[in-house]
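Participant: Could you have a look at this structure, given as C-alpha cells, before my questions?
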Amino acid sequence: MTLLDQFQLMLKSLGWPDWAVYLTPAIVGILIIIIFVLTVVIVFIWWERRLISRFQIRLGPNRCGPEGILQPIATAIKILLKEDIVPEKADKLIHFVAPIIVFVPILLIFAVIPFGAGAILVDLNVGIIYVIAISSISVIGIFMAAWASGNKYSYISGMRSIAQMVSYEIPVVLSLVGVALVAGSFSMLKIVEAQSIPFILLQPLGFLIFFLGSLAEMNRSPFDLLEADSEIVAGYHIEYSGMKFAMFYLGEYGVALAYSCIITTLFLSGWQGPLLPPIIWILIKVMLVFSVIVWIRSTLPRFRVDQLMAFAWKAMLPMAVINLVIIAIEVLLIPASLQWVMLILNFGFAGALILLWSKLFTLGGGRVEV
Amino acid sequence: MPIKTEQFYLNVGPQHPSTHGVFRLRLSLDGEVVTDVEPIVGYLHRGIEKLAETRTYTQIIPLTDRLDYLASMTDNVAYCMAVEKLAGIKVPERAEYIRIIFSELMRVSSHMMAVGFYLNDCGAFFTPVLYMWREREKILDLFDMVCGQRLLYNYMRVGGVSQDLPDEFMPAIKKFVAEMPRYIGEYNQLIKQNEIFLARSKGVGILPRETAINIGASGPVLRASGVKWDIRKMDPYSIYDRFDFEIPTGEAGDCYDRYWVRMQEMTQSLRIIEQAMSQMPAKGPVCADVPQFFRPPAGETYGYIEAPKGNLGFYIVSDGSIAPYRLHIYPPTLINITALKDMVIGWKVADLIIIFGSMDVVLGEIDR
C-alpha cells in the first residue's frame, strides 16, 4: 500500500465525498513532485557549474549567496526578463508548443519514481515500460523545435536528434529487460525491493549500456551532438529566448534528474540504505550519478555523428543482446538464493565482452567520396 | 525509386563560436557531408598595410601587434628584422638573445592556445583550454614584467628592444622553464591517449605532402605533412644557428599530426630558451642607436621569420622618407587555409570544424 492509498483511506474515514477523496491526494502528490523537481533542478544547475569549474581549475559562481547557491535563481530571473523572439520564418504555433512537449514528459517520468517504500505517485505494474514510452516523447518536442525554428543549424540538430534517439533507445530498452528479468517485475517498487544486491553489481554490463545510452538520451557529453556548441552552435534551441528557452534549460536538467533517478532506482537499489532515511539515500545516490555525468562532460570530447551511430549499432546493441541472453539463462538456472554466483559470472562476462569488443570493434566511417 | 535529395547550403560564420574570429565558410552539404566549401575572408580588414604608409617606421610596430594577436611578439620581431635588413642596422648581442627568448615563449603560448581550442572544437567543454591557460598565464606574466602588456606588447624596436629585462625576470623565467616540461607531460597524459580524441583526429583532414608544398604552406601545418622545413634551421636568421634543437615532423598530415607537432615544438622551444638563457650576456645595450624618425635608404626588402603559425614575412618598399612607401605582409595562416577545400571535402560538418581548428588560424592575420 502506497502513501497515496493511505491518504485516500484517511480522507474517506473523515467522510469526504468520493471525487474529493480521489482528487485531493493526486493533486497534492503532483504538487510535491513538481516542487521537488524544480528545487532539485536548481540545485543541479548550481552543482554542475560549481563542479565543472573545479574540474577546470577555476572557482565557478561564488558571489550570489553562500557558495553561489543563489546563482541559478539569478540566472532564471535574467532569462525570464529577456525578450521573447520568434523568427519571422518560424512556424509560430509549433515554435510555441515545442518547449512544452519537451518539458512535460520529463515531469511525467517522476510519477513512477519511488522515493521510499510506498512513496510513489502511481505504482504502475508496467513502470519501466511507462518510463521508456514517456521519455521518448521528448524527442518529438526537440524535433518540432528544430523544424519550426526555420534555422539550418537547428535543422541539422533535429535530424541528428531523431537518428540518435532512435538508435540509443534500443540498447537502453534491452538493458532494462535484463533488470526486469532478475526482478521478476516491471513495477519500480518491486524492482527496488528485489535489489538485496544492487543491480549495478549484479549486471555491470547492463548498467554500463544503460548509463551510456541514457547519456545519449539526455544529450549529455560525449553524445551532445544535438547542442554541439562548437559545430551547430546550440542546435535545436538556437532560435529560442526568454521563457521558452528556460523551458529547454529546465528540461535539460530535468531529464538529467529523471535519468539519475531511474538509474538510482533500477541499478543502485533506490531508497534502500542503512541508517539514513530513504529520501536522503535517494538524494545522495542521485547526486552521485549526476556528478559522474558532469565529470564525463568536463573530460571527454564529442563523438562525430557517424561514430555515434556506429557505437550504438555495432557496439552497444550486440552487447545488450548478448547481455540479455546471458541474464535470461542465469535467471533460469541459478536460484535466487545464489545471487552471488550470478554476480561473479556477470562480472566475468562483462570484462570478457568489453575486452573482446575493444579488440574487434572499429568505428569505421570517415571520408566519403563526393 | 531513389530518394530525391537536395543540396543544402549552410553559412558557418562570420558569427560562429568555432571560426576563431570572423571567418565565414559557405558550405554545400549533402546531409552532413561537405561537398563544397567557399571560404570568405575580409570581415576583420583594418587596412593595416595602408595605414602603415602614413606612419613612421617606429609607429608601425603597434600595428603589427594587431596581426596575429595571439603571437604579437613574433610579429614585432618579424617587422623589426625586415626594417633592420632594409636600413642595415646591427642589433646588439643582448637584444638578439632577448628576442629569441620572447619569440620562443610566444611560440609556446601560441601553440598552447592552438591545441586547447582545437580540443574545444572537438567538443571537450573548455577543460583543455583552461588547463592550457593556466600555463599561458605564466608566460603572459613574464611579458607583463618586461613591457607592462599582456596581449599587444609593442616591445620590440627597430634595432633592439624597448627596455632591458627587470631584475625579477631571470628567476621567474628560470622557474617557468623548469616547471613547464612537467605540465607538457600532464597535457600529453590527459589528451594524447584519449580514445574519442584519437577517433576524431587520426586520419581526419589529411593534407598530402605534395599539396602542402604546392600551396606554400608553412609552420606546423607543413611540418605535420612530413616536410622538414623550418626557417630557423633552413635559413637561420638572428642567432638561431647557435642553438641546438630539432624540427618535429608528422607523417600522415592529419589533424592528430598537427596537434602532436605543436606539442613537440613546445618542448623544443623550451630547449632553445634554456640555451639562450645560459648564453645571454649579462650586461650590455639592448637597442642600437636608432633615431626616432630615421630614414632608411630607398630600396626594397623582404624579411621573414618562422612565426608560431608559419612563415611570416614583411615586404617593405622605402622611398627614403620617414614612412614606408609600401608595406606588404605575407600571412602564414592565409596561405595555409588555401588548402582547406582539399582537406574538408567529403568530411562531415563536425570534421570541418576540427580541421579548421587544427590549422590554427587567427583572423587578425588573415584579414590584416
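Identifiers in the C-alpha cells: chain A, B, ... in order shown; residue index from 1 per chain; ligand index from 1 in order shown.
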Using only C-alpha atoms, what table do you get, as a tab-separated table, when you list each residue of chain A with an atom no more than 7 Å from chain B, its nearest pair of atoms, and their distance in Å rounded to one decimal, rows by chain then rising number?
Facilitator:
residue	atom	partner	partner_atom	distance
A:Gln56	CA	B:Thr127	CA	5.1
A:Lys152	CA	B:Leu10	CA	6.8
A:Ser230	CA	B:Ser18	CA	5.3
A:Glu231	CA	B:Ala350	CA	5.8
A:Val233	CA	B:Pro17	CA	6.9
A:Arg297	CA	B:Phe125	CA	6.8
A:Ser298	CA	B:Phe125	CA	5.7
A:Thr299	CA	B:Ala124	CA	6.5
A:Leu300	CA	B:Ala124	CA	5.4
A:Pro301	CA	B:Ala124	CA	3.9
A:Arg302	CA	B:Gly123	CA	4.6
A:Phe303	CA	B:Ile196	CA	6.5
A:Arg304	CA	B:Ala350	CA	6.4
A:Gly366	CA	B:Trp347	CA	6.8
A:Arg367	CA	B:Trp347	CA	5.1
A:Val368	CA	B:Gly346	CA	4.6
A:Glu369	CA	B:Gly346	CA	5.5
A:Val370	CA	B:Gly346	CA	5.8
Participant: Can you list, as a count of residues only, every residue of range 240-346 of chain A that DSSP puts in alpha helix (DSSP H)?
Facilitator: 79
Participant: Which residue out of B:Glu104, B:Glu84, B:Glu179, B:Asp141 has the minimum interatomic distance to Gly160 in chain B when only C-alpha atoms are used?
Facilitator: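 Closest to Gly160 in chain B of all the choices is B:Glu84.
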Participant: Do a neighbour search on Ile366 in chain B at 12 Å with only C-alpha atoms, toss out local chain neighbours closer than 2 positions, and write the hits as a VMD selection string.
Facilitator: chain B and resid 20 to 24 39 to 48 66 to 69 309 312 329 to 338 360 to 364 368
Participant: Need the shell around range 276-289 of chain B: protein/DNA/RNA residues with any atom at most 7 Å away, counting only C-alpha atoms. Skip same-chain ones fewer than 2 positions apart. Format as a PyMOL selection string?
Facilitator: chain B and resi 90-92+94-95+97+101+159-161+163-164+272-274+291
Participant: With C-alpha atoms retained, write the just-selected residues as a PDB file, in the first residue's frame.
Facilitator:
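Dumped everything to out.pdb:
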ATOM      1  CA  LYS B  90      73.139  45.893 -36.372  1.00  0.00           C
ATOM      2  CA  VAL B  91      71.260  44.637 -33.322  1.00  0.00           C
ATOM      3  CA  PRO B  92      73.208  44.355 -30.035  1.00  0.00           C
ATOM      4  CA  ARG B  94      71.898  41.014 -25.693  1.00  0.00           C
ATOM      5  CA  ALA B  95      68.890  42.250 -27.636  1.00  0.00           C
ATOM      6  CA  TYR B  97      69.016  36.882 -27.117  1.00  0.00           C
ATOM      7  CA  ILE B 101      63.673  34.132 -25.660  1.00  0.00           C
ATOM      8  CA  GLY B 159      67.483  47.973 -33.582  1.00  0.00           C
ATOM      9  CA  GLY B 160      66.651  46.000 -30.462  1.00  0.00           C
ATOM     10  CA  VAL B 161      64.044  46.006 -27.751  1.00  0.00           C
ATOM     11  CA  GLN B 163      63.797  48.240 -22.478  1.00  0.00           C
ATOM     12  CA  ASP B 164      66.116  45.899 -20.633  1.00  0.00           C
ATOM     13  CA  ILE B 272      66.062  26.963 -27.092  1.00  0.00           C
ATOM     14  CA  ILE B 273      65.018  29.217 -24.209  1.00  0.00           C
ATOM     15  CA  GLU B 274      67.246  27.281 -21.824  1.00  0.00           C
ATOM     16  CA  PRO B 291      66.891  57.881 -34.219  1.00  0.00           C
TER      17      PRO B 291
END
Participant: In Å, rounded to a single decimal, give me how far CA of Leu152 in chain B is from CA of Ile61 in chain B.
Facilitator: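 Computing it gives 10.2 Å between the two atoms.
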Participant: Can you list, as an mmCIF file with C-alpha atoms, in the first residue's frame, every protein, DNA or RNA residue that comes within 9 Å of Glu227 in chain A when you count only C-alpha atoms, leaving out same-chain residues fewer than 4 positions away?
Facilitator:
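Final output, result_23.cif:
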data_model
loop_
_atom_site.group_PDB
_atom_site.id
_atom_site.type_symbol
_atom_site.label_atom_id
_atom_site.label_comp_id
_atom_site.auth_asym_id
_atom_site.auth_seq_id
_atom_site.Cartn_x
_atom_site.Cartn_y
_atom_site.Cartn_z
ATOM 1 C CA SER A 154 18.623 23.624 -35.765
ATOM 2 C CA SER A 157 20.301 19.225 -34.958
ATOM 3 C CA ASN A 219 22.113 14.772 -24.901
ATOM 4 C CA GLU A 231 29.576 22.808 -34.570
ATOM 5 C CA ILE A 232 25.916 23.715 -34.764
ATOM 6 C CA VAL A 233 26.090 26.377 -32.067
ATOM 7 C CA ALA A 234 23.118 25.479 -29.855
ATOM 8 C CA GLY A 235 21.275 23.089 -32.094
ATOM 9 C CA TYR A 236 17.542 22.849 -31.713
ATOM 10 C CA HIS A 237 17.136 25.741 -29.252
ATOM 11 C CA ILE A 238 19.228 28.224 -31.221
#
